[in-house]
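Shown next: structure.txt, given as compact mmCIF, C-alpha atoms.
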# COMPACT_ATOMS: atom_id res chain seq x y z
CA MET X 4 0.00 0.00 0.00
CA ALA X 5 2.77 2.41 1.00
CA ALA X 6 4.66 1.52 -2.16
CA MET X 7 1.79 2.77 -4.30
CA ARG X 8 1.33 5.84 -2.15
CA TYR X 9 4.87 7.04 -2.60
CA GLN X 10 5.25 6.10 -6.26
CA ASN X 11 5.77 9.77 -7.23
CA ALA X 12 8.59 10.17 -4.74
CA ARG X 13 10.27 7.08 -6.16
CA TRP X 14 9.95 8.36 -9.73
CA PHE X 15 11.37 11.70 -8.63
CA VAL X 16 14.43 10.10 -7.00
CA ALA X 17 14.93 7.75 -9.96
CA GLY X 18 14.71 10.66 -12.42
CA LEU X 19 17.15 12.71 -10.37
CA THR X 20 19.58 9.77 -10.33
CA VAL X 21 19.37 9.18 -14.09
CA ALA X 22 19.96 12.91 -14.67
CA ALA X 23 22.96 12.84 -12.32
CA VAL X 24 24.50 9.77 -13.98
CA VAL X 25 23.92 11.04 -17.53
CA GLY X 26 25.14 14.53 -16.63
CA GLY X 27 28.16 13.16 -14.79
CA THR X 28 29.04 10.85 -17.67
CA ALA X 29 28.79 13.75 -20.15
CA TYR X 30 30.99 15.86 -17.88
CA PHE X 31 33.64 13.14 -17.56
CA MET X 32 33.50 12.48 -21.31
CA ASP X 33 34.68 16.05 -21.93
CA GLU X 34 37.85 15.35 -19.97
CA PRO X 35 40.82 13.98 -21.88
CA TYR X 36 40.94 10.22 -21.21
CA ALA X 37 44.65 10.22 -20.41
CA ALA X 38 44.31 13.10 -17.96
CA ALA X 39 41.64 11.27 -16.04
CA THR X 40 43.36 7.94 -15.84
CA ALA X 41 47.09 8.40 -16.23
CA GLU X 42 49.57 8.38 -13.40
CA PRO X 43 50.89 11.81 -12.31
CA ALA X 44 53.04 13.21 -15.09
CA ALA X 45 56.78 12.83 -14.73
CA THR X 46 58.75 15.96 -13.89
CA VAL X 47 59.64 17.78 -17.06
CA VAL X 48 63.39 18.39 -17.28
CA ALA X 49 64.33 21.63 -18.95
CA PRO X 50 66.32 21.06 -22.13
CA VAL X 51 70.01 21.73 -21.91
CA PRO X 52 70.99 24.79 -24.01
CA ALA X 53 72.92 23.86 -27.14
CA ASN X 54 75.97 25.95 -26.24
CA SER X 55 76.30 24.60 -22.74
CA ASN X 56 78.64 21.97 -21.49
CA ALA X 57 78.49 19.62 -18.58
CA ALA X 58 80.54 21.89 -16.35
CA SER X 59 78.24 24.89 -16.75
CA ASN X 60 75.24 22.80 -15.73
CA ARG X 61 76.86 21.65 -12.59
CA VAL X 62 75.46 23.06 -9.39
CA THR X 63 78.01 25.49 -8.02
CA ASN X 64 76.24 26.59 -4.89
CA THR X 65 78.16 24.89 -2.17
CA THR X 66 76.57 26.64 0.80
CA SER X 67 75.70 23.99 3.28
CA THR X 68 72.31 24.19 4.94
CA THR X 69 73.14 21.55 7.46
CA SER X 70 74.50 22.82 10.72
CA LYS X 71 76.75 20.83 12.97
CA LYS X 72 73.96 20.67 15.51
CA SER X 73 71.41 19.12 13.16
CA ARG X 74 73.89 16.65 11.82
CA GLY X 75 74.28 15.25 15.29
CA SER X 76 77.36 14.07 17.02
CA MET K 4 7.71 -6.59 -11.76
CA SER K 5 7.52 -10.30 -11.04
CA ARG K 6 10.44 -12.28 -9.67
CA SER K 7 10.89 -14.29 -12.90
CA THR K 8 11.00 -11.07 -15.00
CA LEU K 9 13.62 -9.68 -12.64
CA ILE K 10 15.76 -12.83 -12.88
CA LEU K 11 15.40 -12.88 -16.70
CA THR K 12 16.37 -9.19 -16.94
CA PHE K 13 19.41 -9.80 -14.75
CA ALA K 14 20.46 -12.85 -16.77
CA ALA K 15 20.01 -10.95 -20.06
CA THR K 16 22.10 -8.05 -18.73
CA VAL K 17 24.92 -10.37 -17.65
CA PHE K 18 24.81 -12.19 -21.01
CA ALA K 19 24.79 -8.91 -23.00
CA THR K 20 27.66 -7.55 -20.89
CA LEU K 21 29.81 -10.61 -21.55
CA ALA K 22 28.85 -10.71 -25.25
CA LEU K 23 29.76 -7.05 -25.75
CA SER K 24 32.86 -7.06 -23.52
CA SER K 25 35.21 -7.14 -26.52
CA VAL K 26 33.61 -4.08 -28.17
CA ASP K 27 35.58 -0.85 -27.84
CA PHE K 28 33.35 1.95 -26.55
CA GLY K 29 36.19 4.43 -26.15
CA HIS K 30 36.20 6.15 -22.80
CA LEU K 31 32.42 6.06 -22.34
CA PRO K 32 32.59 3.08 -19.89
CA TRP K 33 35.19 4.88 -17.81
CA ALA K 34 33.12 8.08 -17.59
CA LEU K 35 29.94 6.10 -16.88
CA SER K 36 31.65 4.07 -14.16
CA ARG K 37 32.86 7.21 -12.38
CA ALA K 38 29.43 8.85 -12.51
CA ALA K 39 27.66 5.66 -11.38
CA GLY K 40 30.18 5.10 -8.58
CA LEU K 41 29.62 8.58 -7.14
CA ALA K 42 25.84 8.31 -7.52
CA SER K 43 25.80 4.88 -5.85
CA PHE K 44 27.63 6.22 -2.79
CA ALA K 45 25.19 9.15 -2.58
CA ALA K 46 22.23 6.74 -2.78
CA LEU K 47 23.79 4.40 -0.20
CA THR K 48 24.41 7.31 2.17
CA ALA K 49 20.81 8.49 1.76
CA SER K 50 19.53 4.96 2.36
CA VAL K 51 21.62 4.58 5.54
CA ALA K 52 20.44 8.01 6.72
CA PHE K 53 16.78 7.10 6.14
CA GLY K 54 17.34 3.80 7.96
CA LEU K 55 18.80 5.63 10.95
CA LEU K 56 15.86 8.06 10.87
CA ILE K 57 13.56 5.05 11.28
CA SER K 58 15.46 3.54 14.22
CA THR K 59 16.08 6.85 16.02
CA LYS K 60 12.57 8.17 15.25
CA ALA K 61 14.31 11.49 14.56
CA SER K 62 12.03 12.29 11.64
CA ASP K 63 8.79 11.48 13.48
CA GLY K 64 6.44 14.41 13.22
CA MET K 65 8.26 15.75 10.17
CA LEU K 66 8.02 12.87 7.72
CA PRO K 67 5.50 10.00 7.67
CA ARG K 68 7.14 6.76 8.83
CA PRO K 69 5.91 4.70 5.82
CA PHE K 70 7.52 7.30 3.53
CA VAL K 71 10.86 7.10 5.37
CA PHE K 72 10.76 3.30 5.26
CA GLU K 73 9.83 3.31 1.57
CA MET K 74 12.70 5.69 0.72
CA HIS K 75 15.15 3.62 2.81
CA GLN K 76 14.29 0.47 0.88
CA PHE K 77 14.07 2.14 -2.52
CA LEU K 78 17.40 3.97 -2.14
CA SER K 79 19.03 0.71 -1.10
CA VAL K 80 17.85 -0.99 -4.32
CA LEU K 81 18.83 2.10 -6.33
CA SER K 82 22.30 2.05 -4.79
CA LEU K 83 22.72 -1.61 -5.68
CA THR K 84 21.61 -0.92 -9.27
CA LEU K 85 24.15 1.90 -9.55
CA ILE K 86 26.87 -0.34 -8.11
CA ALA K 87 26.03 -2.91 -10.81
CA LEU K 88 26.37 -0.14 -13.41
CA HIS K 89 29.65 1.03 -11.82
CA ILE K 90 31.12 -2.49 -11.94
CA GLY K 91 29.47 -3.55 -15.22
CA SER K 92 30.79 -0.59 -17.16
CA LEU K 93 34.34 -1.38 -16.01
CA VAL K 94 34.10 -4.68 -17.94
CA PHE K 95 34.20 -2.54 -21.12
CA ASP K 96 36.98 -0.25 -19.97
CA ARG K 97 40.20 -0.81 -21.84
CA TYR K 98 42.48 1.37 -19.71
CA LEU K 99 42.24 -0.35 -16.32
CA GLY K 100 41.85 -3.72 -18.01
CA LEU K 101 40.10 -5.36 -15.06
CA SER K 102 38.72 -8.84 -15.62
CA VAL K 103 35.30 -10.08 -14.45
CA VAL K 104 37.11 -12.01 -11.67
CA ASP K 105 38.93 -8.82 -10.56
CA LEU K 106 35.58 -7.05 -10.40
CA LEU K 107 33.75 -9.74 -8.45
CA VAL K 108 36.36 -11.36 -6.20
CA PRO K 109 38.00 -9.11 -3.60
CA PHE K 110 41.76 -8.49 -3.68
CA THR K 111 42.41 -10.28 -6.98
CA SER K 112 43.31 -7.25 -9.09
CA SER K 113 47.03 -6.77 -9.62
CA GLU K 114 46.73 -2.99 -9.47
CA ASN K 115 45.50 -0.98 -6.48
CA THR K 116 44.64 -4.31 -4.82
CA PHE K 117 43.42 -3.03 -1.45
CA ALA K 118 41.37 -0.06 -2.72
CA PHE K 119 39.65 -2.13 -5.43
CA GLY K 120 39.24 -5.14 -3.13
CA ILE K 121 37.50 -3.15 -0.45
CA GLY K 122 35.17 -1.76 -3.12
CA VAL K 123 34.22 -5.32 -4.14
CA ILE K 124 33.50 -6.13 -0.48
CA ALA K 125 31.31 -2.99 -0.23
CA ALA K 126 29.35 -4.14 -3.30
CA TRP K 127 28.75 -7.64 -1.91
CA LEU K 128 27.74 -6.29 1.49
CA THR K 129 25.29 -3.84 -0.11
CA GLY K 130 23.84 -6.71 -2.13
CA LEU K 131 23.50 -8.87 0.96
CA THR K 132 21.83 -6.22 3.10
CA THR K 133 19.49 -5.16 0.27
CA ALA K 134 18.47 -8.77 -0.37
CA SER K 135 17.76 -9.18 3.32
CA PHE K 136 14.63 -6.99 2.97
CA TRP K 137 12.90 -9.85 1.15
CA VAL K 138 13.95 -12.67 3.47
CA ARG K 139 13.09 -10.88 6.70
CA SER K 140 10.02 -12.98 7.41
CA ARG K 141 11.89 -16.20 6.59
CA ILE K 142 14.97 -15.64 8.75
CA GLY K 143 13.21 -13.88 11.61
CA VAL K 144 13.49 -10.30 12.82
CA LYS K 145 16.32 -10.98 15.29
CA ARG K 146 18.59 -12.57 12.69
CA TRP K 147 17.57 -9.97 10.10
CA ARG K 148 18.48 -7.14 12.48
CA LYS K 149 21.95 -8.64 13.01
CA LEU K 150 22.40 -9.00 9.25
CA HIS K 151 21.17 -5.46 8.74
CA TYR K 152 24.01 -4.09 10.89
CA LEU K 153 26.27 -5.03 7.95
CA THR K 154 24.91 -1.90 6.26
CA PHE K 155 27.37 0.11 8.36
CA ALA K 156 30.23 -2.05 7.07
CA ALA K 157 28.95 -1.67 3.49
CA TRP K 158 28.78 2.10 3.83
CA GLY K 159 32.19 2.33 5.58
CA THR K 160 33.99 0.16 3.03
CA GLY K 161 32.28 2.11 0.25
CA LEU K 162 33.62 5.35 1.71
CA VAL K 163 37.16 3.96 2.04
CA HIS K 164 36.96 2.65 -1.56
CA GLY K 165 35.83 6.07 -2.79
CA LEU K 166 38.57 7.89 -0.90
CA MET K 167 41.34 5.50 -1.93
CA ALA K 168 40.40 4.49 -5.46
CA GLY K 169 38.24 7.38 -6.62
CA THR K 170 39.72 9.38 -9.48
CA ASP K 171 37.70 12.41 -8.43
CA THR K 172 38.38 12.38 -4.67
CA GLY K 173 40.69 15.35 -5.17
CA ALA K 174 37.90 17.45 -6.68
CA PRO K 175 36.54 19.77 -3.94
CA VAL K 176 32.90 18.95 -4.72
CA VAL K 177 33.53 15.19 -4.35
CA TYR K 178 35.79 15.54 -1.33
CA TRP K 179 33.27 17.70 0.53
CA SER K 180 30.40 15.40 -0.40
CA TYR K 181 32.33 12.59 1.32
CA VAL K 182 32.87 14.79 4.38
CA VAL K 183 29.19 15.78 4.56
CA SER K 184 28.10 12.13 4.05
CA ALA K 185 30.41 10.93 6.83
CA ALA K 186 29.24 13.71 9.17
CA LEU K 187 25.57 12.89 8.52
CA VAL K 188 25.92 9.14 9.05
CA LEU K 189 28.19 9.50 12.09
CA ALA K 190 25.84 12.04 13.72
CA LEU K 191 22.79 9.83 13.18
CA THR K 192 24.71 6.75 14.40
CA ALA K 193 25.71 8.61 17.55
CA LEU K 194 22.07 9.58 18.06
CA ARG K 195 21.09 5.93 17.56
CA ILE K 196 23.60 4.76 20.18
CA VAL K 197 22.48 7.42 22.68
CA ASP K 198 18.85 6.56 22.02
CA ALA K 199 19.44 2.82 22.45
CA THR K 200 21.35 3.39 25.70
CA ALA K 201 18.60 5.63 27.09
CA ARG K 202 15.83 3.17 26.15
CA ARG K 203 17.57 0.16 27.69
CA PRO K 204 15.80 -0.67 30.98
CA ALA K 205 17.95 -0.30 34.07
CA VAL K 206 19.26 -3.65 35.29
CA LYS K 207 17.97 -4.32 38.76
CA LYS K 208 20.70 -5.53 41.03
CA PRO K 209 19.63 -8.37 43.29
CA ALA K 210 20.18 -7.66 46.96
CA THR K 211 20.53 -10.40 49.50
CA THR K 212 18.67 -10.32 52.78
CA GLY K 213 20.08 -11.65 55.95
CA ALA K 214 18.04 -14.80 55.51
CA GLY K 215 19.75 -15.51 52.22
CA ARG K 216 16.70 -14.67 50.13
CA ARG K 217 17.12 -12.42 47.13
CA VAL K 218 14.97 -9.31 46.93
CA TYR K 219 14.95 -6.85 44.01
CA SER K 220 15.39 -3.21 44.87
CA GLU K 221 12.67 -0.82 43.74
CA SER K 222 15.01 1.80 42.25
Output the file's structure in the form of structure tokens.
Amino acid sequence: MAAMRYQNARWFVAGLTVAAVVGGTAYFMDEPYAAATAEPAATVVAPVPANSNAASNRVTNTTSTTSKKSRGS
Amino acid sequence: MSRSTLILTFAATVFATLALSSVDFGHLPWALSRAAGLASFAALTASVAFGLLISTKASDGMLPRPFVFEMHQFLSVLSLTLIALHIGSLVFDRYLGLSVVDLLVPFTSSENTFAFGIGVIAAWLTGLTTASFWVRSRIGVKRWRKLHYLTFAAWGTGLVHGLMAGTDTGAPVVYWSYVVSAALVLALTALRIVDATARRPAVKKPATTGAGRRVYSES
């Protein structure tokens, strides 16, 4: 008896769900497939300038950030 | 819909799914699975909330009890249907490449084993608790009530699956919907526990008289 009484409520919820699933699917379809599923992109390494050599790319900053205290005894 | 029609529809769906599993639908199955997964969790949360409204009587006076019960049952079936859509569409997905066994047997997928496995458990538990509506008279109310407590496990594992395996968990709208769902269910569960504790009759401690006879105190 109650099932018949609340038929409209059930149709409303069912309609809302179908709209949500169809709308959600359409929204996700707009996304590039790879962007949605792929692993996080690898860090892009800046290309080495043509006129550079290995020595110029070397890190020259030798300032140590580790104090004696933090290094421990 | 009669029981035989329901069984035939289910069998036809399974057959069609397997027959079409080699067809390439592009990324439609992936998009459909994501949308159905999110919708199924929303429906499951609503069903659990309506169920807790029945047991706590929190909605009495605001919503008719038959309506709350009807919505609880309907949303449970709806959630199960959406879970079937969520899993079924993954059969056609070429990217994840999950097999039917991976989708039905927990912890068998080689990738993301725990997150996918717990999702499979959530699906089975939802199926079990939903099916229990129709066997209530056969198994008895006491046993049914115990079985029905599995709904909490179904909802909890569903939430963990969504948080761990969901592609869209990082999206603010999805993340906050999980937070709101958890807050709603936890608040109603707390109310349920408080209500059950308050309703439990006080245990009368037996006191012994000097003559060795037990008398029950009035308080």
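Summary of the local environment: counting all atoms listed in the file, residues at most 7 Å from stretch 159-166 of chain K, other than itself and those fewer than 2 positions away along its chain, are Phe44, Ala118, Phe119, Ile121, Gly122, Ala125, Phe155, Ala156, Ala157, Ala168, Gly169 and Thr172 of chain K.
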One decimal, in Å: what's the spacing between atom CA of K:Phe13 and atom CA of K:Gly91?
11.9 Å
Give me the residues near K:Leu150 as a PyMOL selection string, where near means some atom within 12 Å (using only C-alpha atoms) and where sequence neighbours in that chain fewer than 2 positions away do not count.
chain K and resi 128-136+138-139+142-148+152-157
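Residue list for chain X within 6 Å of chain K: Val24, Gly27, Thr28, Phe31 and Met32 of chain X, counting all atoms listed in the file.
Comparing the minimum interatomic distances between K:Leu191 and each of K:Lys60, K:Arg203, K:His89, K:Arg141, counting only C-alpha atoms, we find that K:Lys60 sits nearest.
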Among K:Ser112, K:Ser140, K:Gln76, K:Ser58, K:Leu194 is approached most closely, using all atoms listed in the file, by K:Ser58
Atom CA of K:Thr59 sits from atom CA of K:Val188 at a separation of 12.3 Å
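Atom CA of X:Phe15 is found 27.4 Å from atom CA of K:Val17.
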Counting all atoms listed in the file, which residues have an atom no more than 12 Å from (37.0, -9.1, -20.5) in the file's coordinates? Please list them as a PyMOL selection string.
chain K and resi 20-27+91-106
Prev. selection, C-alpha atoms, output as an mmCIF file, keeping the file's coordinate frame:
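Result written to again.cif:
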data_model
loop_
_atom_site.group_PDB
_atom_site.id
_atom_site.type_symbol
_atom_site.label_atom_id
_atom_site.label_comp_id
_atom_site.auth_asym_id
_atom_site.auth_seq_id
_atom_site.Cartn_x
_atom_site.Cartn_y
_atom_site.Cartn_z
ATOM 1 C CA THR K 20 27.660 -7.550 -20.890
ATOM 2 C CA LEU K 21 29.810 -10.610 -21.550
ATOM 3 C CA ALA K 22 28.850 -10.710 -25.250
ATOM 4 C CA LEU K 23 29.760 -7.050 -25.750
ATOM 5 C CA SER K 24 32.860 -7.060 -23.520
ATOM 6 C CA SER K 25 35.210 -7.140 -26.520
ATOM 7 C CA VAL K 26 33.610 -4.080 -28.170
ATOM 8 C CA ASP K 27 35.580 -0.850 -27.840
ATOM 9 C CA GLY K 91 29.470 -3.550 -15.220
ATOM 10 C CA SER K 92 30.790 -0.590 -17.160
ATOM 11 C CA LEU K 93 34.340 -1.380 -16.010
ATOM 12 C CA VAL K 94 34.100 -4.680 -17.940
ATOM 13 C CA PHE K 95 34.200 -2.540 -21.120
ATOM 14 C CA ASP K 96 36.980 -0.250 -19.970
ATOM 15 C CA ARG K 97 40.200 -0.810 -21.840
ATOM 16 C CA TYR K 98 42.480 1.370 -19.710
ATOM 17 C CA LEU K 99 42.240 -0.350 -16.320
ATOM 18 C CA GLY K 100 41.850 -3.720 -18.010
ATOM 19 C CA LEU K 101 40.100 -5.360 -15.060
ATOM 20 C CA SER K 102 38.720 -8.840 -15.620
ATOM 21 C CA VAL K 103 35.300 -10.080 -14.450
ATOM 22 C CA VAL K 104 37.110 -12.010 -11.670
ATOM 23 C CA ASP K 105 38.930 -8.820 -10.560
ATOM 24 C CA LEU K 106 35.580 -7.050 -10.400
#
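The closest residue to K:Ala185, picked from K:Phe117, K:Pro109, K:Trp158, K:Leu55 and counting all atoms listed in the file, is K:Trp158.
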